[in-house]
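Peer 1: Take a look at the following structure, please.
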2 protein chains.
Amino acid sequence: MSVTAAKGFTAAGVAAGIKENGNPDLALVVNNGPRLAAAGVFTSNRVKAAPVLWSEQVLKGGQVSAVILNSGGANACTGPKGFQDTHATAEKVAEVLEGHNAGEVAVASTGLIGLLLPMDKLLPGVEKAAAALSEHGGEKAAIAIKTTDSVHKTAVAGGEGWTVGGMAKGAGMLAPGLATMLVVLTTDADLDSETLDKALRAATKVTFDRVDSDGCMSTNDTVLLLASGASGVTPEYDEFAEAVRKVCDDLGRQLIGDAEGASKDIKVEVINAATEDDAVEVGRSIARNNLLKCAIHGEDPNWGRVLSAIGTTKAAFEPDQLNVAINGVWVCKNGGVGEDRELVDMRYREVVVTADLAAGSESATIWTNDLTADYVHENSAYSS
Amino acid sequence: MSVTAAKGFTAAGVAAGIKENGNPDLALVVNNGPRLAAAGVFTSNRVKAAPVLWSEQVLKGGQVSAVILNSGGANACTGPKGFQDTHATAEKVAEVLEGHNAGEVAVASTGLIGLLLPMDKLLPGVEKAAAALSEHGGEKAAIAIKTTDSVHKTAVAGGEGWTVGGMAKGAGMLAPGLATMLVVLTTDADLDSETLDKALRAATKVTFDRVDSDGCMSTNDTVLLLASGASGVTPEYDEFAEAVRKVCDDLGRQLIGDAEGASKDIKVEVINAATEDDAVEVGRSIARNNLLKCAIHGEDPNWGRVLSAIGTTKAAFEPDQLNVAINGVWVCKNGGVGEDRELVDMRYREVVVTADLAAGSESATIWTNDLTADYVHENSAYSS
């Protein structure tokens, strides 16, 4: 599983002392080739953390030999010193691994904004991680990138003779243009960086980009896909792209299932939209409606709040043709009262809200969570 | 105070039995002239309640002789029957008041979406309200439009020989393009409907439109301005517009101060923006950031979340030139750590977040609230 499911990769997760509680906080993933092809997608936030600025440059070369990831500090809003620290971390990885070039070492960080990383702990940690590298190190790497995650997240898919595996961290601040998520995917398929880039962008567009836990966008989001070519197999593009999408979808679903303070996972399905963009716009508007998210927390199938949310969009629809189902019961028909709301069973964690725009044949799904007192508590005490 | 502060108006607030708890739920405001000039601003939600659809048509004529407002039901998403009920209510008002025309009677409703109003109670209530009309009825009218409001809201301003007064209800679901707010403003200034419209739009643009409690937009928002001309005074436009702005600003501030479950009123000031639109976009993005709203609830001056929110906008700025103050302490300077966050005193209800974009000389202020467990509780149990 995880980043060592595919051949050609080793990984490690260690406690470098960045986190004060002594938990694992540093992960290293190494591509042992023969290929070093890579692609990456980063936060669209204009306030980008130092490791994002660094890794964007690295990915322009289309080659990544290693990824170093730390939890316990985001290294965001840390100025020139923060960027120097990221650079020094990449240099240290290249030095310790021998034969690597810092310009091919991606760096990712997660944790609080506005704090410099403790480099006196991080750099010795790199040596420790390198010494622990193993073909079975994927789980440990996935554990070391956790912040407020309650569980580590891994997934795997593949085809005849080749594999795509991955790990993710993220438990809140999940939003389009990615979330506070760090994701590393690896594959032993023999593909070039252009193909990886195409498959990764296609996958994130319909998976991570449609995971919107709380509408907040991070400064650090990073999704990387590394190919070692170690299987010697070059799969058909469509088959490969579908495997990447599956792994991203699986990890995205795990992120929603572990969102801070959430008690419900909400699948917002928009159907019969005029365009896919309309479906996504409506889905996001519903997913970000705090009043609806509170209602679902209270197991209240409050379709009026769904209609209010749809009404704020520019999508094609007529108000008196809108239909809304909650867990399969069409509580709103033609913009008014539909089936008996008492028929809706909302006892389980997963809740499906279906919005029928009656305007075409396109659709999209956005995942979100309910809004809970626990979310408020976790996020009002986070940095204190 | 309220809608009877200006000469030429009578008002009443009665219990018609629409609310099951027997509280006042029906308000009537009558313009006794000599002028019947009026202007209105309505929700920009495309899913509009029946009374909004009706009153938009009424206002096209530029004359309003009376406004009937009910709490206890929004009459939204109620189909053709809901619109017929609104029409019947206006007809009833015209009939009871004698000499009035239903086409000049505005209707406003607030409460739950998706329920038909109990017309067997509402129509007799109109007679009761008409019988109670008084030059001192403004307070009672303001009380009758409350829903979850803890207090009724009124304000007054004016000049030499003329007055602008008003009432408002709203306690959540406050968002740009207005909120679930019903507002009636009255003036005895002698002005035509075009002048009223200009002054009202200018005022709402910088007041109610910049009150964003929870990012949710209602189906029922209505702001009306009625002029009786009873003072015989025609003020200068600028002086009049400023009085209208003052009353709207005062009422908007009261709405934020009474938002459901809130423990903090947050003034988001954006300064040194390249354009006013940039300032508003950045202000809204900060005001809608759930993570920041939780942090402020926890009295945590978490400037990283302010930067994250700014970074999602298209406004002109350079990340390394951003400055953020919380209650006057510049905790973020040049995109990084600034003054000691321990210096920030957040014990009081009002919190000021100042974002300096260092990109120009324009500014804007958006008001919002913190996100609390009480907000979740109130809104997860509202319709059950």
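Starting from 1 in every chain, residues are counted up; chains themselves are A, B, ... following the order of the structure tokens, and ligands are numbered from 1 as listed.
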Per residue of chain A within 8 Å of chain B, note the shortest atom pair and the distance in Å to one decimal, counting only C-alpha atoms, and order the rows by chain and increasing residue number, as a Markdown table.
Peer 2:
```
| residue | atom | partner | partner_atom | distance |
| --- | --- | --- | --- | --- |
| A:Ser44 | CA | B:Thr312 | CA | 7.4 |
| A:Asn45 | CA | B:Gly311 | CA | 5.0 |
| A:Arg46 | CA | B:Gly311 | CA | 4.4 |
| A:Val47 | CA | B:Gly311 | CA | 4.8 |
| A:Cys77 | CA | B:Gly336 | CA | 4.7 |
| A:Thr78 | CA | B:Gly336 | CA | 5.3 |
| A:Gly79 | CA | B:Gly336 | CA | 6.0 |
| A:Ile113 | CA | B:Gly304 | CA | 5.4 |
| A:Gly114 | CA | B:Val337 | CA | 6.1 |
| A:Leu115 | CA | B:Val337 | CA | 7.9 |
| A:Met173 | CA | B:Leu291 | CA | 7.6 |
| A:Asp214 | CA | B:Asn290 | CA | 6.9 |
| A:Gly215 | CA | B:Asn289 | CA | 7.4 |
| A:Cys216 | CA | B:Asn289 | CA | 6.3 |
| A:Met217 | CA | B:Ser308 | CA | 6.7 |
| A:Ser218 | CA | B:Ser308 | CA | 6.3 |
| A:Thr219 | CA | B:Ser308 | CA | 6.2 |
| A:Asn289 | CA | B:Cys216 | CA | 6.3 |
| A:Asn290 | CA | B:Asp214 | CA | 6.8 |
| A:Leu291 | CA | B:Asn379 | CA | 6.2 |
| A:Cys294 | CA | B:Ser380 | CA | 4.6 |
| A:Ala295 | CA | B:Ser380 | CA | 4.2 |
| A:Ile296 | CA | B:Ser380 | CA | 7.0 |
| A:His297 | CA | B:Ser380 | CA | 6.1 |
| A:Gly298 | CA | B:Ser380 | CA | 4.4 |
| A:Glu299 | CA | B:Ser380 | CA | 7.7 |
| A:Asp300 | CA | B:Ser384 | CA | 6.8 |
| A:Asn302 | CA | B:Ser383 | CA | 7.4 |
| A:Gly304 | CA | B:Ile113 | CA | 5.4 |
| A:Leu307 | CA | B:Val47 | CA | 6.8 |
| A:Ser308 | CA | B:Thr219 | CA | 6.2 |
| A:Ala309 | CA | B:Met217 | CA | 7.3 |
| A:Ile310 | CA | B:Val47 | CA | 7.8 |
| A:Gly311 | CA | B:Arg46 | CA | 4.4 |
| A:Thr312 | CA | B:Asn45 | CA | 5.1 |
| A:Thr313 | CA | B:Arg46 | CA | 7.9 |
| A:Pro319 | CA | B:Val47 | CA | 5.7 |
| A:Asp320 | CA | B:Gly79 | CA | 7.3 |
| A:Gly335 | CA | B:Cys77 | CA | 5.6 |
| A:Gly336 | CA | B:Cys77 | CA | 4.8 |
| A:Val337 | CA | B:Gly114 | CA | 6.1 |
| A:Leu371 | CA | B:Val376 | CA | 6.8 |
| A:Thr372 | CA | B:Val376 | CA | 5.9 |
| A:Ala373 | CA | B:Ala373 | CA | 4.3 |
| A:Asp374 | CA | B:Ala373 | CA | 7.6 |
| A:Val376 | CA | B:Cys294 | CA | 5.5 |
| A:His377 | CA | B:Ala373 | CA | 7.5 |
| A:Asn379 | CA | B:Cys294 | CA | 5.5 |
| A:Ser380 | CA | B:Ala295 | CA | 4.2 |
| A:Ala381 | CA | B:Gly298 | CA | 6.0 |
| A:Tyr382 | CA | B:Ala295 | CA | 7.8 |
| A:Ser383 | CA | B:Asp300 | CA | 7.3 |
| A:Ser384 | CA | B:Asp300 | CA | 6.8 |
```
Peer 1: Kindly save the residues from that selection, with C-alpha atoms included, as a PDB file, in the first residue's frame.
Peer 2:
```pdb
ATOM      1  CA  SER A  44      -4.178  28.077  -6.215  1.00  0.00           C
ATOM      2  CA  ASN A  45      -3.917  30.328  -3.154  1.00  0.00           C
ATOM      3  CA  ARG A  46      -1.803  33.358  -4.052  1.00  0.00           C
ATOM      4  CA  VAL A  47      -0.260  33.256  -0.603  1.00  0.00           C
ATOM      5  CA  CYS A  77       4.378  33.424   5.597  1.00  0.00           C
ATOM      6  CA  THR A  78       7.925  32.992   6.783  1.00  0.00           C
ATOM      7  CA  GLY A  79       9.655  35.309   4.299  1.00  0.00           C
ATOM      8  CA  ILE A 113       1.351  29.263   9.415  1.00  0.00           C
ATOM      9  CA  GLY A 114       3.848  31.945  10.404  1.00  0.00           C
ATOM     10  CA  LEU A 115       6.425  29.884  12.252  1.00  0.00           C
ATOM     11  CA  MET A 173      -9.386  23.419   5.506  1.00  0.00           C
ATOM     12  CA  ASP A 214     -15.145  24.081   4.920  1.00  0.00           C
ATOM     13  CA  GLY A 215     -14.568  26.382   1.952  1.00  0.00           C
ATOM     14  CA  CYS A 216     -11.126  27.392   3.211  1.00  0.00           C
ATOM     15  CA  MET A 217      -8.119  27.143   0.937  1.00  0.00           C
ATOM     16  CA  SER A 218      -4.659  26.333   2.204  1.00  0.00           C
ATOM     17  CA  THR A 219      -1.293  27.908   1.465  1.00  0.00           C
ATOM     18  CA  ASN A 289     -23.964  26.886   2.880  1.00  0.00           C
ATOM     19  CA  ASN A 290     -23.350  27.036   6.619  1.00  0.00           C
ATOM     20  CA  LEU A 291     -27.062  26.986   7.419  1.00  0.00           C
ATOM     21  CA  CYS A 294     -25.918  22.952  10.419  1.00  0.00           C
ATOM     22  CA  ALA A 295     -29.313  21.537   9.424  1.00  0.00           C
ATOM     23  CA  ILE A 296     -27.738  18.294   8.213  1.00  0.00           C
ATOM     24  CA  HIS A 297     -25.812  18.086  11.466  1.00  0.00           C
ATOM     25  CA  GLY A 298     -29.220  18.255  13.164  1.00  0.00           C
ATOM     26  CA  GLU A 299     -30.572  15.560  10.789  1.00  0.00           C
ATOM     27  CA  ASP A 300     -33.054  18.087   9.452  1.00  0.00           C
ATOM     28  CA  ASN A 302     -34.141  21.415   5.261  1.00  0.00           C
ATOM     29  CA  GLY A 304     -35.374  25.401   1.682  1.00  0.00           C
ATOM     30  CA  LEU A 307     -32.957  26.158  -2.798  1.00  0.00           C
ATOM     31  CA  SER A 308     -31.573  29.336  -1.191  1.00  0.00           C
ATOM     32  CA  ALA A 309     -28.066  28.163  -2.060  1.00  0.00           C
ATOM     33  CA  ILE A 310     -28.964  27.258  -5.653  1.00  0.00           C
ATOM     34  CA  GLY A 311     -30.576  30.685  -6.033  1.00  0.00           C
ATOM     35  CA  THR A 312     -27.281  32.475  -5.443  1.00  0.00           C
ATOM     36  CA  THR A 313     -25.655  30.914  -8.526  1.00  0.00           C
ATOM     37  CA  PRO A 319     -36.940  28.254  -9.735  1.00  0.00           C
ATOM     38  CA  ASP A 320     -40.261  26.451 -10.247  1.00  0.00           C
ATOM     39  CA  GLY A 335     -39.582  24.450  -6.429  1.00  0.00           C
ATOM     40  CA  GLY A 336     -42.117  23.631  -3.727  1.00  0.00           C
ATOM     41  CA  VAL A 337     -43.053  21.006  -1.177  1.00  0.00           C
ATOM     42  CA  LEU A 371     -20.899  22.061  10.502  1.00  0.00           C
ATOM     43  CA  THR A 372     -20.666  21.053  14.136  1.00  0.00           C
ATOM     44  CA  ALA A 373     -19.881  22.436  17.549  1.00  0.00           C
ATOM     45  CA  ASP A 374     -16.819  20.168  17.511  1.00  0.00           C
ATOM     46  CA  VAL A 376     -15.870  25.222  16.173  1.00  0.00           C
ATOM     47  CA  HIS A 377     -14.082  23.893  19.228  1.00  0.00           C
ATOM     48  CA  ASN A 379     -10.667  25.442  15.178  1.00  0.00           C
ATOM     49  CA  SER A 380     -11.045  28.026  17.904  1.00  0.00           C
ATOM     50  CA  ALA A 381      -8.301  26.411  19.963  1.00  0.00           C
ATOM     51  CA  TYR A 382      -5.922  25.245  17.226  1.00  0.00           C
ATOM     52  CA  SER A 383      -3.067  27.694  17.627  1.00  0.00           C
ATOM     53  CA  SER A 384      -3.422  28.434  21.322  1.00  0.00           C
TER      54      SER A 384
END
```
Peer 1: I'd like the contact shell of segment 130-144 of chain B - 9 Å cut-off, only C-alpha atoms, skipping same-chain residues fewer than 3 positions apart - returned as an MDAnalysis selection string.
Peer 2: chainID B and resid 1:5 7:15 23:30 69:71 93 96:97 125:127 147 151:154 166:169
Peer 1: Skip Thr186 of chain A itself and residues of its chain fewer than 2 positions away, then list as a PyMOL selection string all residues within 12 Å of it, counting only C-alpha atoms.
Peer 2: chain A and resi 1-11+29-33+35-40+64-67+138+154-158+162-168+183-184+188-191+196+200+223-230+243-244+247-248
Peer 1: Could those residues be written to a file, using C-alpha atoms, as a compact mmCIF listing (two decimals), in the first residue's frame?
Peer 2:
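again01.txt, freshly written:
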```txt
# COMPACT_ATOMS: atom_id res chain seq x y z
CA MET A 1 0.00 0.00 0.00
CA SER A 2 0.86 3.68 0.14
CA VAL A 3 3.82 5.09 -1.77
CA THR A 4 5.78 1.83 -1.73
CA ALA A 5 3.08 -0.27 -3.39
CA ALA A 6 4.64 0.51 -6.77
CA LYS A 7 8.04 -0.94 -7.60
CA GLY A 8 11.05 1.34 -7.59
CA PHE A 9 10.23 3.35 -4.48
CA THR A 10 11.48 3.38 -0.91
CA ALA A 11 10.09 5.47 1.91
CA VAL A 29 9.92 9.14 -0.44
CA VAL A 30 12.64 8.18 -2.90
CA ASN A 31 12.28 7.22 -6.56
CA ASN A 32 14.99 4.68 -7.37
CA GLY A 33 14.20 4.73 -11.09
CA ARG A 35 12.81 6.83 -14.60
CA LEU A 36 12.41 10.00 -12.48
CA ALA A 37 9.33 11.38 -14.26
CA ALA A 38 6.99 13.51 -12.16
CA ALA A 39 4.04 15.88 -12.21
CA GLY A 40 2.57 18.15 -9.55
CA VAL A 64 11.68 14.32 -9.04
CA SER A 65 14.09 11.94 -7.39
CA ALA A 66 12.84 12.38 -3.82
CA VAL A 67 10.15 14.10 -1.77
CA GLY A 138 5.01 3.54 2.84
CA THR A 154 -3.38 5.34 1.75
CA ALA A 155 -4.81 3.89 -1.44
CA VAL A 156 -3.78 1.71 -4.34
CA ALA A 157 -5.00 0.77 -7.83
CA GLY A 158 -3.42 -0.53 -10.99
CA TRP A 162 1.77 -1.94 -12.92
CA THR A 163 0.54 -0.16 -9.83
CA VAL A 164 -0.43 3.32 -8.61
CA GLY A 165 -0.23 3.87 -4.86
CA GLY A 166 -0.48 6.92 -2.67
CA MET A 167 -0.72 8.56 0.69
CA ALA A 168 -2.52 11.70 1.85
CA VAL A 183 -0.58 13.84 -1.37
CA VAL A 184 2.19 11.76 -2.89
CA ASP A 188 5.97 1.94 -11.54
CA ALA A 189 4.37 2.47 -14.94
CA ASP A 190 6.82 3.59 -17.61
CA LEU A 191 5.47 7.02 -18.55
CA LEU A 196 1.74 12.01 -15.75
CA LEU A 200 -2.90 13.99 -12.63
CA VAL A 223 -0.23 16.69 -4.93
CA LEU A 224 2.68 14.89 -6.57
CA LEU A 225 2.77 11.91 -8.93
CA LEU A 226 6.11 10.15 -9.41
CA ALA A 227 6.84 7.40 -11.93
CA SER A 228 9.78 5.01 -11.60
CA GLY A 229 9.19 2.99 -14.75
CA ALA A 230 10.33 -0.04 -12.71
CA ALA A 243 -6.23 4.25 -11.96
CA VAL A 244 -4.89 7.66 -10.91
CA VAL A 247 -6.59 6.50 -6.08
CA CYS A 248 -7.33 10.24 -5.85
```
Peer 1: Using only C-alpha atoms, which residues sit within 8 Å of segment 53-61 of chain B once same-chain residues fewer than 6 positions away are excluded, as JSON, numbers by chain?
Peer 2: {"B": [38, 39, 40, 42, 83, 86, 87, 103, 104, 105, 106, 107, 108]}
Peer 1: So that I can see what lies close to segment 264-281 of chain A, please list as JSON, numbers by chain the residues with an atom at most 6 Å from it, counting only C-alpha atoms and leaving out residues fewer than 4 positions away in the same chain.
Peer 2: {"A": [315, 349, 350, 351, 352, 353, 354, 355, 356, 357, 358, 359, 360, 361, 362, 363, 364, 365, 366, 367, 368, 369, 370]}
Peer 1: Could you write those residues out with N, CA, C and O atoms, as a short mmCIF file (atom, residue, chain, number, x, y, z; two decimals), in the first residue's frame?
Peer 2:
```
data_model
loop_
_atom_site.label_atom_id
_atom_site.label_comp_id
_atom_site.auth_asym_id
_atom_site.auth_seq_id
_atom_site.Cartn_x
_atom_site.Cartn_y
_atom_site.Cartn_z
N ALA A 315 -26.11 29.56 -12.55
CA ALA A 315 -26.42 28.37 -13.37
C ALA A 315 -27.78 28.52 -14.05
O ALA A 315 -28.66 29.24 -13.57
N ARG A 349 -23.86 8.29 8.79
CA ARG A 349 -22.85 9.32 8.58
C ARG A 349 -22.93 9.91 7.17
O ARG A 349 -22.75 11.10 6.98
N GLU A 350 -23.19 9.09 6.17
CA GLU A 350 -23.23 9.61 4.80
C GLU A 350 -24.62 10.13 4.46
O GLU A 350 -25.61 9.43 4.65
N VAL A 351 -24.67 11.35 3.98
CA VAL A 351 -25.93 11.97 3.57
C VAL A 351 -25.79 12.40 2.12
O VAL A 351 -24.78 13.00 1.74
N VAL A 352 -26.78 12.07 1.30
CA VAL A 352 -26.74 12.44 -0.12
C VAL A 352 -27.79 13.51 -0.39
O VAL A 352 -28.97 13.31 -0.14
N VAL A 353 -27.33 14.66 -0.88
CA VAL A 353 -28.23 15.74 -1.29
C VAL A 353 -28.20 15.77 -2.82
O VAL A 353 -27.13 15.95 -3.41
N THR A 354 -29.33 15.57 -3.45
CA THR A 354 -29.39 15.57 -4.90
C THR A 354 -30.19 16.79 -5.36
O THR A 354 -31.33 16.99 -4.94
N ALA A 355 -29.56 17.61 -6.20
CA ALA A 355 -30.23 18.79 -6.75
C ALA A 355 -30.43 18.58 -8.24
O ALA A 355 -29.46 18.43 -8.98
N ASP A 356 -31.68 18.54 -8.65
CA ASP A 356 -32.03 18.35 -10.07
C ASP A 356 -32.38 19.71 -10.65
O ASP A 356 -33.39 20.32 -10.29
N LEU A 357 -31.51 20.21 -11.56
CA LEU A 357 -31.71 21.55 -12.11
C LEU A 357 -32.70 21.55 -13.29
O LEU A 357 -33.12 22.62 -13.73
N ALA A 358 -33.02 20.37 -13.81
CA ALA A 358 -33.97 20.26 -14.92
C ALA A 358 -33.61 21.20 -16.06
O ALA A 358 -34.48 21.85 -16.65
N ALA A 359 -32.32 21.28 -16.36
CA ALA A 359 -31.88 22.23 -17.38
C ALA A 359 -30.96 21.60 -18.42
O ALA A 359 -30.44 22.30 -19.29
N GLY A 360 -30.73 20.30 -18.33
CA GLY A 360 -29.82 19.66 -19.28
C GLY A 360 -29.48 18.26 -18.83
O GLY A 360 -30.26 17.63 -18.13
N SER A 361 -28.26 17.81 -19.19
CA SER A 361 -27.93 16.42 -18.87
C SER A 361 -26.56 16.27 -18.23
O SER A 361 -26.03 15.17 -18.11
N GLU A 362 -25.96 17.39 -17.79
CA GLU A 362 -24.64 17.31 -17.16
C GLU A 362 -24.78 17.16 -15.64
O GLU A 362 -25.82 17.49 -15.07
N SER A 363 -23.70 16.66 -15.01
CA SER A 363 -23.77 16.45 -13.57
C SER A 363 -22.38 16.61 -12.94
O SER A 363 -21.37 16.63 -13.64
N ALA A 364 -22.35 16.74 -11.63
CA ALA A 364 -21.09 16.79 -10.87
C ALA A 364 -21.39 16.47 -9.42
O ALA A 364 -22.51 16.68 -8.95
N THR A 365 -20.37 15.97 -8.74
CA THR A 365 -20.52 15.64 -7.33
C THR A 365 -19.48 16.39 -6.51
O THR A 365 -18.30 16.40 -6.86
N ILE A 366 -19.91 17.05 -5.46
CA ILE A 366 -19.02 17.74 -4.52
C ILE A 366 -19.21 17.09 -3.16
O ILE A 366 -20.33 16.83 -2.74
N TRP A 367 -18.10 16.83 -2.48
CA TRP A 367 -18.17 16.26 -1.13
C TRP A 367 -17.92 17.33 -0.10
O TRP A 367 -17.01 18.14 -0.24
N THR A 368 -18.70 17.32 0.97
CA THR A 368 -18.42 18.24 2.06
C THR A 368 -18.79 17.57 3.38
O THR A 368 -19.09 16.37 3.42
N ASN A 369 -18.73 18.35 4.45
CA ASN A 369 -19.09 17.84 5.78
C ASN A 369 -20.14 18.73 6.41
O ASN A 369 -20.37 19.84 5.95
N ASP A 370 -20.72 18.25 7.49
CA ASP A 370 -21.63 19.10 8.24
C ASP A 370 -20.83 20.09 9.10
O ASP A 370 -19.60 20.00 9.20
#
```
Peer 1: Given the choices A:Glu260, A:Asp250, A:Asp120, A:Glu20, which gets closest to Ser213 of chain A if the distance is worked out from only C-alpha atoms?
Peer 2: A:Glu260
Peer 1: List every residue of segment 38-238 of chain B that DSSP, applied to the backbone, labels as helix (DSSP H, G or I), and write the result as number ranges by chain.
Peer 2: B: 50-60, 79-97, 102-104, 119-131, 138-144, 193-206, 208-210, 237-238
